[in-house]
Amino acid sequence: MGPEVAPLWDVDRALRWAIGRTDDGQNALEGPEEPLQRALEAQVGAGAPSAVAKLEVSTLDRSWAGAAGHLARDDPRQLRADDAFRIASVTKLVTATVAVILDRRGVFGLDEPLGDQLSQELLLRWDRFPLGATTPRQLLSHTAGLPSYFDPDFVTQAVKDARPRWEPIELVDEALTDSVPLFEPGRGFSYSDTGYVLTGLLIEERTGRPLHAAYRDLVFVPAGMDSTWLEGYEPPRHPRVAHHYADGLDMASVTPTIDWAGGGLVSTTADLFKFLGALWSGDLIDSPVVEQLARWTPGASFPPGHALRYDRYGLGLGCITIDSTELLGHTGYVGAFAFYQPESGSTLAGTHNASAVSRWPLVEALCAELRAWQNEGR
């Protein structure tokens with residue numbers, strides 16, 4: 001989904017609570033992994049309806065999973081560690097992975113112009129933009145100069161519109177019909193969901209199959225992700241999905257088709273672990289292809305205080321250092337995150353289902369526990 005807004009609450013105080021320390025620095029907690037459960041509860045205390053997370057260090061054969069809060073604000077059912085949730089822009093890493101696999105197989109070229117790969121009908125539909133000279137790599141690295149349709153105004157419009165489904169072409173129309181390029185392709189960086197929807201359309205045209213079928217054939221089935229689906233396009237694989245909120249709005253009341261290839265997947269922490277594990281083990285794509293995702297984009301940066309906080313950005317893959325822990329992965333609009341730490345073979349994933357609460361105290365608590373486990377294992 002679109003860029004996130006940094007929440008206005010005391011992150012330092014929440015982090016101290018999350019890692020089990022009082023304001024004067026004294027231990028407030030005891031017991032193994034209990035700080036992680038308290039970190040989840042701190043997210044709920046900060047205003048999230050719920051929080052779920054999982055941490056695993058494969059080299060130590062050690063893992064933890066937990067949940068706090070409720071499935072929805074008005075629902076007495078408590079959230080469980082294996083519940084499904086909307087992963088928002090973590091979807092971008094899946095879309096980019098599919099694109100790199102198809103490039104590897106010669107279905108289309110990441111560095112070839114869309115003028116030779118996308119239908120003339122679509123190129124002419126958005127001829128205010130130089131899409132014919134734009135490459136899929138530029139779409140995925142946010143360097144195509146495309147405005148993003150996904151912003152608060154669009155969400156408000158989607159709520160008022162109340163249509164059951166937005167077609168992907170309509171999403172691109174929202175961004176490109178009455179606007180102009182932000183910059184020439186490859187001459188700047190601007191985070192945009194529009195490029196990912198266009199990539200989804202390219203995947204469908206070049207494979208002759210729906211996007212959700214490409215996800216399932218190329219990623220979900222090989223990785224064993226039985227609890228992940230493209231919402232609005234496939235039958236649910238869990239009976240219920242955790243509700244998520246943006247500025248008080250229950251996004252479950254809005255059609256899930258509003259972000260598609262940029263943020264439309266539902267998953268679980270267990271399935272996200274399977275995805276990241278398969279990606280880095282080479283079960284999905286070989287090492288040179290993983291390196292395509294981590295080919296960092298020159299000039300890709302986010303201003304200080306921006307909720308995304310990536311130090312570097314490649315193709316649907318961001319890099320961020322939390323204290324001394326370097327993480328590779330992606331975050332999502334409503335608190336979702338999925339990160340891999342290649343050096344230690346560690347994985348962490350979760351969400352707190354609210355755009356107005358920062359994910360970083362929870363991520364920092366997970367990284368602190370990860371480092372503690374590593375120190376114990378030495």
# chains A, B, ... in the order shown; residues from 1 in each chain; ligands from 1

$ closest_atom_pairs --of "region 102-210 of chain A" --to "region 81-97 of chain A" --cutoff "8 Å" --atoms "only C-alpha atoms" --output "Markdown table"
| residue | atom | partner | partner_atom | distance |
| --- | --- | --- | --- | --- |
| A:Leu140 | CA | A:Ala96 | CA | 6.6 |
| A:Tyr196 | CA | A:Lys92 | CA | 7.1 |
| A:Thr199 | CA | A:Thr95 | CA | 7.9 |
| A:Gly200 | CA | A:Thr95 | CA | 7.3 |

$ write_last_selection --atoms "all heavy atoms" --output "CSV table (one decimal), in the first residue's frame"
chain,number,residue,atom,x,y,z
A,140,LEU,N,9.2,-1.5,-10.4
A,140,LEU,CA,9.4,-2.2,-9.2
A,140,LEU,C,10.3,-1.4,-8.2
A,140,LEU,O,10.2,-1.6,-7.0
A,140,LEU,CB,10.0,-3.6,-9.4
A,140,LEU,CG,9.1,-4.5,-10.2
A,140,LEU,CD1,9.8,-5.8,-10.7
A,140,LEU,CD2,7.9,-4.9,-9.4
A,196,TYR,N,3.4,-1.1,-9.2
A,196,TYR,CA,3.2,-2.5,-8.9
A,196,TYR,C,1.9,-3.0,-9.5
A,196,TYR,O,1.9,-4.2,-10.0
A,196,TYR,CB,3.2,-2.7,-7.4
A,196,TYR,CG,4.6,-2.9,-6.9
A,196,TYR,CD1,5.5,-1.8,-6.7
A,196,TYR,CD2,5.2,-4.1,-6.6
A,196,TYR,CE1,6.8,-1.9,-6.4
A,196,TYR,CE2,6.5,-4.3,-6.2
A,196,TYR,CZ,7.3,-3.1,-6.1
A,196,TYR,OH,8.6,-3.3,-5.7
A,199,THR,N,2.9,-3.7,-13.0
A,199,THR,CA,3.6,-4.9,-13.1
A,199,THR,C,2.7,-6.1,-13.1
A,199,THR,O,2.9,-7.1,-13.8
A,199,THR,CB,4.7,-5.0,-12.0
A,199,THR,OG1,5.6,-3.9,-12.0
A,199,THR,CG2,5.4,-6.3,-12.0
A,200,GLY,N,1.7,-6.0,-12.2
A,200,GLY,CA,0.7,-7.1,-12.2
A,200,GLY,C,0.0,-7.3,-13.5
A,200,GLY,O,-0.3,-8.4,-14.0

$ select_by_dssp --residues "region 18-185 of chain A" --states "alpha helix (DSSP H)" --output "PyMOL selection string"
chain A and resi 18+34-45+91-104+120-125+136-140+152-161+168-176

$ residues_around --residues "Ala338 (chain A)" --least-positions-apart "5" --cutoff "10 Å" --atoms "only C-alpha atoms" --output "ChimeraX atom specification"
/A:53-54,87,90,93,269,272-273,275-276,327-332,347-351,363

$ write_last_selection --atoms "N, CA and C atoms" --output "PDB file, in the first residue's frame"
ATOM      1  N   ALA A  53       3.196 -11.720  16.288  1.00  0.00           N
ATOM      2  CA  ALA A  53       4.582 -11.747  15.817  1.00  0.00           C
ATOM      3  C   ALA A  53       5.156 -13.139  15.975  1.00  0.00           C
ATOM      4  N   LYS A  54       6.200 -13.386  15.188  1.00  0.00           N
ATOM      5  CA  LYS A  54       6.919 -14.641  15.266  1.00  0.00           C
ATOM      6  C   LYS A  54       8.393 -14.357  15.024  1.00  0.00           C
ATOM      7  N   ILE A  87      -1.386  -8.368   4.769  1.00  0.00           N
ATOM      8  CA  ILE A  87       0.031  -8.021   4.848  1.00  0.00           C
ATOM      9  C   ILE A  87       0.364  -6.743   4.097  1.00  0.00           C
ATOM     10  N   VAL A  90       3.788  -5.699   2.122  1.00  0.00           N
ATOM     11  CA  VAL A  90       4.673  -6.872   2.077  1.00  0.00           C
ATOM     12  C   VAL A  90       4.391  -7.645   0.787  1.00  0.00           C
ATOM     13  N   LEU A  93       6.965  -7.517  -2.172  1.00  0.00           N
ATOM     14  CA  LEU A  93       8.084  -8.445  -2.285  1.00  0.00           C
ATOM     15  C   LEU A  93       7.671  -9.704  -3.036  1.00  0.00           C
ATOM     16  N   THR A 269       1.899 -15.408   9.897  1.00  0.00           N
ATOM     17  CA  THR A 269       3.332 -15.345  10.173  1.00  0.00           C
ATOM     18  C   THR A 269       4.029 -16.626   9.714  1.00  0.00           C
ATOM     19  N   LEU A 272       4.553 -16.420   5.957  1.00  0.00           N
ATOM     20  CA  LEU A 272       5.585 -15.448   5.620  1.00  0.00           C
ATOM     21  C   LEU A 272       6.965 -16.019   5.897  1.00  0.00           C
ATOM     22  N   PHE A 273       7.078 -16.817   6.957  1.00  0.00           N
ATOM     23  CA  PHE A 273       8.345 -17.489   7.236  1.00  0.00           C
ATOM     24  C   PHE A 273       8.687 -18.470   6.116  1.00  0.00           C
ATOM     25  N   PHE A 275       7.766 -18.283   3.015  1.00  0.00           N
ATOM     26  CA  PHE A 275       8.136 -17.495   1.837  1.00  0.00           C
ATOM     27  C   PHE A 275       9.582 -17.019   1.922  1.00  0.00           C
ATOM     28  N   LEU A 276       9.926 -16.357   3.026  1.00  0.00           N
ATOM     29  CA  LEU A 276      11.275 -15.835   3.159  1.00  0.00           C
ATOM     30  C   LEU A 276      12.308 -16.960   3.192  1.00  0.00           C
ATOM     31  N   LEU A 327      18.316  -6.014   8.570  1.00  0.00           N
ATOM     32  CA  LEU A 327      17.163  -6.788   8.146  1.00  0.00           C
ATOM     33  C   LEU A 327      16.850  -6.522   6.678  1.00  0.00           C
ATOM     34  N   LEU A 328      16.427  -7.566   5.972  1.00  0.00           N
ATOM     35  CA  LEU A 328      15.986  -7.451   4.587  1.00  0.00           C
ATOM     36  C   LEU A 328      14.538  -7.908   4.503  1.00  0.00           C
ATOM     37  N   GLY A 329      13.685  -7.102   3.892  1.00  0.00           N
ATOM     38  CA  GLY A 329      12.281  -7.478   3.781  1.00  0.00           C
ATOM     39  C   GLY A 329      11.424  -6.293   3.386  1.00  0.00           C
ATOM     40  N   HIS A 330      10.195  -6.272   3.902  1.00  0.00           N
ATOM     41  CA  HIS A 330       9.270  -5.188   3.558  1.00  0.00           C
ATOM     42  C   HIS A 330       8.279  -4.986   4.690  1.00  0.00           C
ATOM     43  N   THR A 331       7.715  -3.790   4.719  1.00  0.00           N
ATOM     44  CA  THR A 331       6.679  -3.460   5.685  1.00  0.00           C
ATOM     45  C   THR A 331       5.383  -3.136   4.960  1.00  0.00           C
ATOM     46  N   GLY A 332       4.292  -3.018   5.722  1.00  0.00           N
ATOM     47  CA  GLY A 332       2.989  -2.732   5.138  1.00  0.00           C
ATOM     48  C   GLY A 332       2.246  -1.664   5.912  1.00  0.00           C
ATOM     49  N   THR A 347      14.415 -15.052  11.017  1.00  0.00           N
ATOM     50  CA  THR A 347      13.221 -14.503  10.384  1.00  0.00           C
ATOM     51  C   THR A 347      12.325 -13.902  11.450  1.00  0.00           C
ATOM     52  N   LEU A 348      11.730 -12.748  11.141  1.00  0.00           N
ATOM     53  CA  LEU A 348      10.737 -12.158  12.024  1.00  0.00           C
ATOM     54  C   LEU A 348       9.625 -11.556  11.197  1.00  0.00           C
ATOM     55  N   ALA A 349       8.395 -11.743  11.662  1.00  0.00           N
ATOM     56  CA  ALA A 349       7.234 -11.245  10.930  1.00  0.00           C
ATOM     57  C   ALA A 349       6.107 -10.981  11.902  1.00  0.00           C
ATOM     58  N   GLY A 350       5.185 -10.124  11.484  1.00  0.00           N
ATOM     59  CA  GLY A 350       4.036  -9.834  12.329  1.00  0.00           C
ATOM     60  C   GLY A 350       3.267  -8.633  11.847  1.00  0.00           C
ATOM     61  N   THR A 351       2.369  -8.140  12.700  1.00  0.00           N
ATOM     62  CA  THR A 351       1.579  -6.940  12.405  1.00  0.00           C
ATOM     63  C   THR A 351       0.928  -6.468  13.688  1.00  0.00           C
ATOM     64  N   VAL A 363       9.407  -4.370  16.417  1.00  0.00           N
ATOM     65  CA  VAL A 363      10.542  -4.893  15.651  1.00  0.00           C
ATOM     66  C   VAL A 363      11.828  -4.779  16.466  1.00  0.00           C
TER      67      VAL A 363
END

$ closest_residue --among "A:Val334, A:Leu366, A:Ala67, A:Leu122" --to "Ala354 (chain A)" --atoms "only C-alpha atoms"
A:Val334

$ closest_residue --among "A:Val266, A:Leu201, A:Ile101, A:Ala223" --to "Leu171 (chain A)" --atoms "only C-alpha atoms"
A:Leu201

$ residues_around --residues "region 203-219 of chain A" --least-positions-apart "5" --cutoff "9 Å" --atoms "only C-alpha atoms" --output "ChimeraX atom specification"
/A:94-95,97-99,101-102,107-108,117-119,198,224-225,228-230,233-234,260-261,275,278-279,284

$ atom_distance --atom1 "CA of His243 (chain A)" --atom2 "CA of Asn353 (chain A)"
6.7 Å

$ select_by_dssp --residues "region 66-164 of chain A" --states "strand (DSSP E)" --output "PyMOL selection string"
chain A and resi 66-69+85-86

$ write_last_selection --atoms "C-alpha atoms" --output "CSV table (one decimal), in the first residue's frame"
chain,number,residue,atom,x,y,z
A,66,GLY,CA,2.6,-14.9,20.2
A,67,ALA,CA,-0.5,-12.7,19.9
A,68,ALA,CA,-2.3,-10.0,21.9
A,69,GLY,CA,-5.6,-8.1,21.6
A,85,PHE,CA,-4.0,-10.9,8.5
A,86,ARG,CA,-3.6,-8.5,5.6

$ residues_around --residues "Tyr149 (chain A)" --least-positions-apart "2" --cutoff "7 Å" --atoms "only C-alpha atoms" --output "PyMOL selection string"
chain A and resi 147+151+154+171+174-175+193-194

$ atom_distance --atom1 "CA of His352 (chain A)" --atom2 "CA of Gly277 (chain A)"
22.4 Å
